[in-house]
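The structure file entry-v2.cif is reproduced below (mmCIF, C-alpha atoms).
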data_query
#
loop_
_atom_site.label_atom_id
_atom_site.label_comp_id
_atom_site.auth_asym_id
_atom_site.auth_seq_id
_atom_site.Cartn_x
_atom_site.Cartn_y
_atom_site.Cartn_z
CA MET A 1 -32.95 26.13 -45.74
CA ARG A 2 -31.26 26.60 -42.38
CA PRO A 3 -30.83 22.84 -41.63
CA LEU A 4 -29.27 22.45 -45.07
CA LEU A 5 -26.81 25.27 -44.41
CA ARG A 6 -26.06 23.84 -40.99
CA THR A 7 -25.35 20.45 -42.56
CA ALA A 8 -23.08 22.12 -45.11
CA TYR A 9 -21.18 23.80 -42.30
CA LEU A 10 -20.91 20.50 -40.42
CA VAL A 11 -19.36 18.96 -43.54
CA ILE A 12 -16.93 21.88 -43.71
CA LEU A 13 -16.02 21.32 -40.07
CA GLN A 14 -15.44 17.62 -40.76
CA LEU A 15 -12.87 18.57 -43.39
CA HIS A 16 -10.77 20.42 -40.82
CA PRO A 17 -7.87 18.59 -39.11
CA GLN A 18 -9.09 16.47 -36.22
CA ALA A 19 -7.13 18.35 -33.53
CA PHE A 20 -8.44 21.75 -34.67
CA ARG A 21 -11.99 20.40 -34.93
CA ALA A 22 -11.84 18.89 -31.46
CA GLU A 23 -10.62 22.15 -29.96
CA PHE A 24 -12.79 24.69 -31.78
CA GLY A 25 -15.42 22.77 -33.78
CA ASP A 26 -18.30 23.18 -31.31
CA GLU A 27 -17.62 26.89 -30.85
CA MET A 28 -17.40 27.43 -34.62
CA LEU A 29 -20.77 25.73 -35.09
CA TRP A 30 -22.27 27.80 -32.30
CA ILE A 31 -21.07 31.07 -33.88
CA PHE A 32 -22.31 29.87 -37.28
CA GLU A 33 -25.78 29.21 -35.85
CA GLU A 34 -25.91 32.59 -34.12
CA GLU A 35 -24.60 34.56 -37.07
CA SER A 36 -26.61 32.73 -39.74
CA ARG A 37 -29.80 34.06 -38.14
CA ASN A 38 -28.73 37.46 -39.51
CA GLY A 39 -28.39 36.04 -43.03
CA ALA A 40 -24.61 35.70 -42.87
CA ALA A 41 -24.56 31.99 -43.76
CA PRO A 42 -23.03 32.30 -47.28
CA ARG A 43 -20.20 34.48 -45.96
CA LEU A 44 -19.56 32.04 -43.11
CA LEU A 45 -19.56 29.06 -45.47
CA LEU A 46 -16.90 30.77 -47.58
CA ASP A 47 -14.97 31.56 -44.42
CA GLY A 48 -15.18 27.89 -43.45
CA LEU A 49 -13.91 26.76 -46.87
CA ARG A 50 -10.96 29.13 -46.60
CA SER A 51 -10.31 27.80 -43.12
CA ILE A 52 -10.12 24.22 -44.46
CA VAL A 53 -7.34 25.23 -46.85
CA THR A 54 -5.51 27.22 -44.17
CA GLN A 55 -5.68 24.49 -41.55
CA ASN A 56 -4.65 21.71 -43.91
CA VAL A 57 -1.81 23.50 -45.70
CA ARG A 58 -0.16 25.42 -42.87
CA PRO A 59 0.97 22.40 -40.77
CA ARG A 60 2.82 21.01 -43.79
CA ILE A 61 4.55 24.32 -44.50
CA ARG A 62 5.46 24.65 -40.82
CA GLN A 63 6.79 21.10 -40.81
CA VAL A 64 9.15 21.88 -43.68
CA GLU A 65 10.21 25.15 -42.03
CA THR A 66 11.04 23.46 -38.73
CA ALA A 67 12.83 20.57 -40.42
CA GLY A 68 15.18 22.91 -42.26
CA PRO A 69 17.31 22.17 -45.31
CA ILE A 70 19.33 19.31 -43.79
CA TYR A 71 16.76 17.18 -42.04
CA ARG A 72 13.30 16.55 -43.40
CA GLU A 73 10.63 14.36 -41.86
CA ILE A 74 8.87 11.88 -44.08
CA ASP A 75 5.19 12.73 -44.26
CA SER A 76 3.03 9.64 -44.63
CA SER A 77 -0.17 11.60 -45.38
CA LEU A 78 -1.38 12.14 -48.94
CA PRO A 79 0.95 14.73 -50.53
CA ALA A 80 -1.73 16.69 -52.42
CA GLU A 81 0.66 19.47 -53.44
CA ARG A 82 3.13 16.94 -54.86
CA PHE A 83 0.36 15.31 -56.92
CA ALA A 84 -0.65 18.71 -58.29
CA GLN A 85 2.96 19.54 -59.17
CA ALA A 86 3.51 16.14 -60.77
CA THR A 87 0.31 16.51 -62.82
CA LEU A 88 1.45 19.93 -64.04
CA VAL A 89 4.88 18.61 -64.99
CA ALA A 90 3.31 15.61 -66.78
CA LEU A 91 0.98 17.91 -68.72
CA CYS A 92 3.87 20.16 -69.77
CA CYS A 93 5.94 17.14 -70.86
CA SER A 94 3.09 15.60 -72.86
CA LEU A 95 2.35 18.94 -74.53
CA SER A 96 6.02 19.40 -75.44
CA LEU A 97 6.19 15.85 -76.78
CA SER A 98 3.06 16.32 -78.88
CA LEU A 99 4.46 19.58 -80.28
CA PHE A 100 7.72 17.83 -81.13
CA LEU A 101 5.93 14.92 -82.76
CA SER A 102 3.71 17.23 -84.77
CA MET A 103 6.86 18.76 -86.24
CA VAL A 104 8.85 15.62 -87.04
CA VAL A 105 6.14 13.12 -87.98
CA PRO A 106 4.77 13.65 -91.50
CA ARG A 107 1.11 14.39 -91.76
CA VAL A 108 -0.90 11.29 -92.56
CA SER A 109 -4.55 11.22 -93.40
CA VAL A 110 -6.69 8.13 -93.44
CA ALA A 111 -10.15 7.95 -94.89
CA VAL A 112 -12.48 5.64 -92.98
CA ASN A 113 -16.16 5.32 -93.91
CA GLY A 114 -16.06 8.60 -95.76
CA LEU A 115 -14.48 10.50 -92.81
CA LEU A 116 -10.97 11.88 -93.09
CA TYR A 117 -8.90 11.16 -89.99
CA THR A 118 -5.68 13.14 -89.74
CA ARG A 119 -2.90 13.73 -87.24
CA VAL A 120 -3.33 17.07 -85.53
CA LYS A 121 -0.55 19.46 -86.44
CA ILE A 122 -0.53 21.91 -83.59
CA LEU A 123 2.40 23.99 -84.81
CA SER A 124 0.92 24.46 -88.27
CA ALA A 125 -1.92 26.42 -86.66
CA LEU A 126 0.50 28.83 -85.01
CA PRO A 127 1.68 31.95 -86.89
CA SER A 128 5.06 31.44 -88.50
CA SER A 129 8.01 33.43 -87.16
CA ARG A 130 9.70 33.44 -90.59
CA PRO A 131 9.13 36.52 -92.79
CA MET B 1 8.58 40.30 -23.27
CA LYS B 2 11.09 42.03 -25.52
CA ASP B 3 10.85 39.14 -27.98
CA ALA B 4 7.07 39.46 -27.96
CA ALA B 5 7.30 43.15 -28.79
CA LYS B 6 9.71 42.43 -31.65
CA SER B 7 7.37 39.90 -33.32
CA SER B 8 6.31 40.50 -36.92
CA PRO B 9 3.25 42.69 -37.67
CA LEU B 10 -0.05 41.09 -36.75
CA SER B 11 -2.82 40.33 -39.20
CA THR B 12 -5.88 42.60 -39.13
CA ALA B 13 -7.97 39.86 -37.51
CA ALA B 14 -5.32 39.24 -34.83
CA GLN B 15 -5.16 42.97 -34.08
CA TYR B 16 -8.91 43.14 -33.60
CA ILE B 17 -8.95 40.01 -31.43
CA LEU B 18 -6.25 41.41 -29.14
CA VAL B 19 -8.06 44.75 -28.91
CA ALA B 20 -11.33 42.97 -28.10
CA LEU B 21 -9.65 41.00 -25.30
CA ALA B 22 -7.72 43.99 -23.93
CA SER B 23 -10.42 45.10 -21.53
CA GLU B 24 -12.14 41.84 -20.54
CA ASP B 25 -12.22 38.09 -20.98
CA LEU B 26 -14.56 37.04 -23.78
CA HIS B 27 -15.84 33.82 -25.34
CA GLY B 28 -15.61 33.24 -29.10
CA TYR B 29 -18.96 34.75 -30.00
CA GLY B 30 -18.27 37.63 -27.61
CA ILE B 31 -15.09 38.41 -29.57
CA VAL B 32 -17.08 38.37 -32.83
CA GLN B 33 -19.65 40.76 -31.37
CA GLU B 34 -17.03 43.04 -29.84
CA ILE B 35 -15.12 43.32 -33.13
CA SER B 36 -18.38 44.05 -34.90
CA ARG B 37 -19.16 46.77 -32.36
CA GLN B 38 -15.66 48.30 -32.60
CA THR B 39 -15.86 48.54 -36.38
CA GLN B 40 -19.51 49.66 -36.53
CA ASN B 41 -20.38 46.42 -38.34
CA THR B 42 -17.94 47.08 -41.20
CA TYR B 43 -15.78 44.06 -40.29
CA ARG B 44 -17.49 40.84 -39.24
CA ILE B 45 -14.99 38.12 -38.54
CA GLY B 46 -16.02 34.56 -39.43
CA PRO B 47 -15.47 31.61 -37.08
CA GLY B 48 -12.80 30.10 -39.35
CA THR B 49 -10.75 33.28 -39.36
CA LEU B 50 -11.39 33.87 -35.66
CA TYR B 51 -10.21 30.48 -34.44
CA ASP B 52 -7.33 30.30 -36.91
CA ASN B 53 -5.97 33.57 -35.49
CA LEU B 54 -6.92 32.69 -31.94
CA LYS B 55 -5.00 29.42 -32.20
CA LYS B 56 -1.94 31.25 -33.52
CA LEU B 57 -2.18 33.79 -30.70
CA MET B 58 -2.56 31.00 -28.13
CA ASP B 59 0.40 29.08 -29.58
CA ALA B 60 2.46 32.27 -29.32
CA GLY B 61 1.37 32.72 -25.70
CA PHE B 62 -0.45 36.01 -26.31
CA VAL B 63 -3.87 34.61 -25.37
CA ILE B 64 -4.77 31.90 -22.85
CA ASP B 65 -7.91 30.18 -21.61
CA ALA B 66 -9.43 32.28 -18.86
CA PRO B 67 -9.82 30.40 -15.57
CA ARG B 68 -13.35 29.87 -14.30
CA THR B 69 -14.47 32.74 -12.10
CA SER B 70 -17.65 33.48 -10.20
CA ARG B 71 -18.81 35.39 -13.29
CA ASN B 72 -18.53 32.53 -15.72
CA LYS B 73 -18.40 29.39 -13.54
CA ASP B 74 -21.94 28.44 -14.55
CA ASP B 75 -21.19 29.26 -18.16
CA ASP B 76 -20.07 26.22 -20.11
CA ARG B 77 -18.41 28.32 -22.76
CA ARG B 78 -14.68 28.82 -23.07
CA PHE B 79 -13.41 32.30 -22.25
CA TYR B 80 -10.16 33.76 -23.58
CA ARG B 81 -7.80 36.16 -21.84
CA LEU B 82 -5.00 38.42 -23.05
CA THR B 83 -1.66 37.59 -21.38
CA PRO B 84 0.93 40.20 -20.32
CA ALA B 85 2.99 39.18 -23.38
CA GLY B 86 -0.10 39.71 -25.56
CA ARG B 87 -0.55 43.15 -24.02
CA VAL B 88 3.08 44.01 -24.86
CA VAL B 89 2.59 42.84 -28.45
CA LEU B 90 -0.62 44.83 -28.77
CA SER B 91 1.10 47.96 -27.43
CA ALA B 92 4.00 47.47 -29.86
CA GLU B 93 1.54 46.97 -32.72
CA ILE B 94 -0.36 50.12 -31.81
CA ASP B 95 2.93 52.06 -31.69
CA ARG B 96 3.87 50.68 -35.10
CA LEU B 97 0.51 51.63 -36.60
CA HIS B 98 0.70 55.05 -34.96
CA SER B 99 4.12 55.70 -36.48
CA ILE B 100 2.75 54.74 -39.91
CA VAL B 101 -0.16 57.15 -39.46
CA VAL B 102 2.16 59.98 -38.37
CA GLU B 103 4.53 59.32 -41.27
CA ALA B 104 1.66 59.13 -43.77
CA GLN B 105 0.11 62.36 -42.50
CA SER B 106 3.40 64.24 -42.72
CA ARG B 107 4.08 62.94 -46.23
CA LEU B 108 0.61 63.86 -47.41
CA ARG B 109 1.08 67.38 -46.09
CA GLU B 110 4.54 67.67 -47.71
CA ARG B 111 3.45 66.40 -51.11
CA LYS B 112 3.92 68.91 -53.90
CA PRO B 113 2.69 68.71 -57.49
CA ARG B 114 5.33 67.07 -59.74
CA ASN B 115 5.37 69.87 -62.38
CA ALA B 116 5.38 72.75 -59.92
#
If you convert what's in this file into structure tokens, what do you get?
Amino acid sequence: MRPLLRTAYLVILQLHPQAFRAEFGDEMLWIFEEESRNGAAPRLLLDGLRSIVTQNVRPRIRQVETAGPIYREIDSSLPAERFAQATLVALCCSLSLSLFLSMVVPRVSVAVNGLLYTRVKILSALPSSRP
Amino acid sequence: MKDAAKSSPLSTAAQYILVALASEDLHGYGIVQEISRQTQNTYRIGPGTLYDNLKKLMDAGFVIDAPRTSRNKDDDRRFYRLTPAGRVVLSAEIDRLHSIVVEAQSRLRERKPRNA
């Protein structure tokens, strides 16, 4: 069990930024090995996961802070936050569009091989606001 | 020094790290053990949290790498030392916490029932 946990922690360390890993990686692994003898491995794995997020997100936030509102450096690394935001916006737009279409497009049902296929009317399932 | 004292409140982990380093130079695991001893095992800092805070403290100039001495010259591990600026920040933080405690105690004593 312990080699498996150690491997998991090594993977966690690999997901840290290279500079942070080079500076503190060996010491982190050493503390993990010492502390995991007392059964603290799950807590330390969670701590390591949280550290990945902290170490990967903070430099980007700091970069924006130091750049200020006028000048902004172009970041060539994968903009994970931007992808998440764009996905959320795309989902909201597609949901709005489907709601709109469900209102304006008349309901059409097609029977194929004995099964009735119909356009989903999302708004018809919602309670009406009219008295 | 004055700027160091005026810095924003420290995180709990940073407070404990500075307190652990206040009396002697320690390596990473030594800091973990010292914090555990100080808190009677109620707060065990993980390596991720430790080195995240330690890096911030080092970037701010509150902690530095301790030079090799006769005590640790054979020890391959890296020791950390509190700087004078770190000591000022720790003192300011203790004063801040003390003022909160004093204020809280006085308010708790003064508190009267609402409908009295």
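The interatomic distance for the pair CA of Ile31 (chain A) and CA of Arg68 (chain B) works out to 21.1 Å.
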Fill in: Contact residues (chain B, partner chain A, 6 Å, only C-alpha atoms) as a PyMOL selection string
chain B and resi 29+46-48
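If you look at CA of Thr49 (chain B) and CA of Ala8 (chain A), they are 17.6 Å away from each other.
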Practice prompt. Given the file shown, determine the residues that the PyMOL selection byres ((chain B and resi 77) around 10) selects; report them as a ChimeraX atom specification.
Written response: /A:26-27 /B:26-29,68,72-76,78-80
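For the pair CA of Gly30 (chain B) and CA of Tyr16 (chain B), the interatomic distance is 12.4 Å.
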Discussion item. Can you pull out the residues contacting Ile17 (chain B)? Cut-off 8 Å, using only C-alpha atoms, and skip same-chain residues under 3 positions away; I want them as number ranges by chain.
Written reply: B: 13-14, 20-21, 31, 35, 50, 54
Practice prompt. Check the smallest atom-to-atom distance from each of A:Ala84, A:Leu5, A:Leu97, A:Leu15 to Arg37 (chain A) using all atoms listed in the file, then report the winner.
Written response: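 Going through A:Ala84, A:Leu5, A:Leu97, A:Leu15 one by one, the smallest distance to Arg37 (chain A) is for A:Leu5.
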Discussion item. If the PyMOL selection byres ((chain B and resi 83) around 9) were run on this exact file, what residues would it hold? Put them as a list in words.
Written reply: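 Here the PyMOL selection byres ((chain B and resi 83) around 9) matches Gly61, Phe62, Val63, Ile64, Arg81, Leu82, Pro84, Ala85, Gly86, Arg87 and Val88 of chain B.
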Reconstruct region 56-83 of chain B at the level of N, CA and C atoms, and format the result as a PDB file, in the frame of the given file.
ATOM      1  N   LYS B  56      -3.298  30.725 -33.340  1.00  0.00           N
ATOM      2  CA  LYS B  56      -1.940  31.250 -33.520  1.00  0.00           C
ATOM      3  C   LYS B  56      -1.532  32.097 -32.316  1.00  0.00           C
ATOM      4  N   LEU B  57      -2.480  32.925 -31.852  1.00  0.00           N
ATOM      5  CA  LEU B  57      -2.180  33.790 -30.700  1.00  0.00           C
ATOM      6  C   LEU B  57      -1.970  32.952 -29.436  1.00  0.00           C
ATOM      7  N   MET B  58      -2.724  31.866 -29.302  1.00  0.00           N
ATOM      8  CA  MET B  58      -2.560  31.000 -28.130  1.00  0.00           C
ATOM      9  C   MET B  58      -1.237  30.234 -28.209  1.00  0.00           C
ATOM     10  N   ASP B  59      -0.888  29.778 -29.413  1.00  0.00           N
ATOM     11  CA  ASP B  59       0.400  29.080 -29.580  1.00  0.00           C
ATOM     12  C   ASP B  59       1.572  30.002 -29.256  1.00  0.00           C
ATOM     13  N   ALA B  60       1.392  31.294 -29.580  1.00  0.00           N
ATOM     14  CA  ALA B  60       2.460  32.270 -29.320  1.00  0.00           C
ATOM     15  C   ALA B  60       2.465  32.728 -27.862  1.00  0.00           C
ATOM     16  N   GLY B  61       1.446  32.347 -27.116  1.00  0.00           N
ATOM     17  CA  GLY B  61       1.370  32.720 -25.700  1.00  0.00           C
ATOM     18  C   GLY B  61       0.807  34.106 -25.457  1.00  0.00           C
ATOM     19  N   PHE B  62       0.127  34.672 -26.460  1.00  0.00           N
ATOM     20  CA  PHE B  62      -0.450  36.010 -26.310  1.00  0.00           C
ATOM     21  C   PHE B  62      -1.875  35.949 -25.740  1.00  0.00           C
ATOM     22  N   VAL B  63      -2.510  34.809 -25.884  1.00  0.00           N
ATOM     23  CA  VAL B  63      -3.870  34.610 -25.370  1.00  0.00           C
ATOM     24  C   VAL B  63      -3.903  33.245 -24.662  1.00  0.00           C
ATOM     25  N   ILE B  64      -4.621  33.181 -23.565  1.00  0.00           N
ATOM     26  CA  ILE B  64      -4.770  31.900 -22.850  1.00  0.00           C
ATOM     27  C   ILE B  64      -6.254  31.667 -22.538  1.00  0.00           C
ATOM     28  N   ASP B  65      -6.560  30.467 -22.103  1.00  0.00           N
ATOM     29  CA  ASP B  65      -7.910  30.180 -21.610  1.00  0.00           C
ATOM     30  C   ASP B  65      -8.086  30.881 -20.267  1.00  0.00           C
ATOM     31  N   ALA B  66      -9.186  31.609 -20.131  1.00  0.00           N
ATOM     32  CA  ALA B  66      -9.430  32.280 -18.860  1.00  0.00           C
ATOM     33  C   ALA B  66      -9.896  31.262 -17.830  1.00  0.00           C
ATOM     34  N   PRO B  67      -9.340  31.316 -16.610  1.00  0.00           N
ATOM     35  CA  PRO B  67      -9.820  30.400 -15.570  1.00  0.00           C
ATOM     36  C   PRO B  67     -11.261  30.699 -15.196  1.00  0.00           C
ATOM     37  N   ARG B  68     -11.946  29.689 -14.701  1.00  0.00           N
ATOM     38  CA  ARG B  68     -13.350  29.870 -14.300  1.00  0.00           C
ATOM     39  C   ARG B  68     -13.428  30.835 -13.110  1.00  0.00           C
ATOM     40  N   THR B  69     -14.273  31.802 -13.217  1.00  0.00           N
ATOM     41  CA  THR B  69     -14.470  32.740 -12.100  1.00  0.00           C
ATOM     42  C   THR B  69     -15.936  32.680 -11.676  1.00  0.00           C
ATOM     43  N   SER B  70     -16.261  33.460 -10.655  1.00  0.00           N
ATOM     44  CA  SER B  70     -17.650  33.480 -10.200  1.00  0.00           C
ATOM     45  C   SER B  70     -18.582  33.984 -11.303  1.00  0.00           C
ATOM     46  N   ARG B  71     -17.984  34.817 -12.218  1.00  0.00           N
ATOM     47  CA  ARG B  71     -18.810  35.390 -13.290  1.00  0.00           C
ATOM     48  C   ARG B  71     -19.192  34.337 -14.323  1.00  0.00           C
ATOM     49  N   ASN B  72     -18.247  33.458 -14.627  1.00  0.00           N
ATOM     50  CA  ASN B  72     -18.530  32.530 -15.720  1.00  0.00           C
ATOM     51  C   ASN B  72     -18.482  31.060 -15.292  1.00  0.00           C
ATOM     52  N   LYS B  73     -18.534  30.797 -13.971  1.00  0.00           N
ATOM     53  CA  LYS B  73     -18.400  29.390 -13.540  1.00  0.00           C
ATOM     54  C   LYS B  73     -19.603  28.543 -13.959  1.00  0.00           C
ATOM     55  N   ASP B  74     -20.767  29.183 -14.095  1.00  0.00           N
ATOM     56  CA  ASP B  74     -21.940  28.440 -14.550  1.00  0.00           C
ATOM     57  C   ASP B  74     -22.036  28.403 -16.075  1.00  0.00           C
ATOM     58  N   ASP B  75     -21.174  29.185 -16.697  1.00  0.00           N
ATOM     59  CA  ASP B  75     -21.190  29.260 -18.160  1.00  0.00           C
ATOM     60  C   ASP B  75     -20.278  28.165 -18.706  1.00  0.00           C
ATOM     61  N   ASP B  76     -20.830  27.337 -19.574  1.00  0.00           N
ATOM     62  CA  ASP B  76     -20.070  26.220 -20.110  1.00  0.00           C
ATOM     63  C   ASP B  76     -19.076  26.645 -21.170  1.00  0.00           C
ATOM     64  N   ARG B  77     -19.224  27.879 -21.636  1.00  0.00           N
ATOM     65  CA  ARG B  77     -18.410  28.320 -22.760  1.00  0.00           C
ATOM     66  C   ARG B  77     -16.971  28.633 -22.335  1.00  0.00           C
ATOM     67  N   ARG B  78     -16.107  28.615 -23.317  1.00  0.00           N
ATOM     68  CA  ARG B  78     -14.680  28.820 -23.070  1.00  0.00           C
ATOM     69  C   ARG B  78     -14.377  30.316 -23.216  1.00  0.00           C
ATOM     70  N   PHE B  79     -13.767  30.882 -22.198  1.00  0.00           N
ATOM     71  CA  PHE B  79     -13.410  32.300 -22.250  1.00  0.00           C
ATOM     72  C   PHE B  79     -11.911  32.440 -22.528  1.00  0.00           C
ATOM     73  N   TYR B  80     -11.562  33.515 -23.219  1.00  0.00           N
ATOM     74  CA  TYR B  80     -10.160  33.760 -23.580  1.00  0.00           C
ATOM     75  C   TYR B  80      -9.673  35.028 -22.905  1.00  0.00           C
ATOM     76  N   ARG B  81      -8.379  35.023 -22.571  1.00  0.00           N
ATOM     77  CA  ARG B  81      -7.800  36.160 -21.840  1.00  0.00           C
ATOM     78  C   ARG B  81      -6.483  36.577 -22.488  1.00  0.00           C
ATOM     79  N   LEU B  82      -6.261  37.872 -22.535  1.00  0.00           N
ATOM     80  CA  LEU B  82      -5.000  38.420 -23.050  1.00  0.00           C
ATOM     81  C   LEU B  82      -3.925  38.263 -21.972  1.00  0.00           C
ATOM     82  N   THR B  83      -2.762  37.763 -22.349  1.00  0.00           N
ATOM     83  CA  THR B  83      -1.660  37.590 -21.380  1.00  0.00           C
ATOM     84  C   THR B  83      -0.835  38.883 -21.328  1.00  0.00           C
TER      85      THR B  83
END
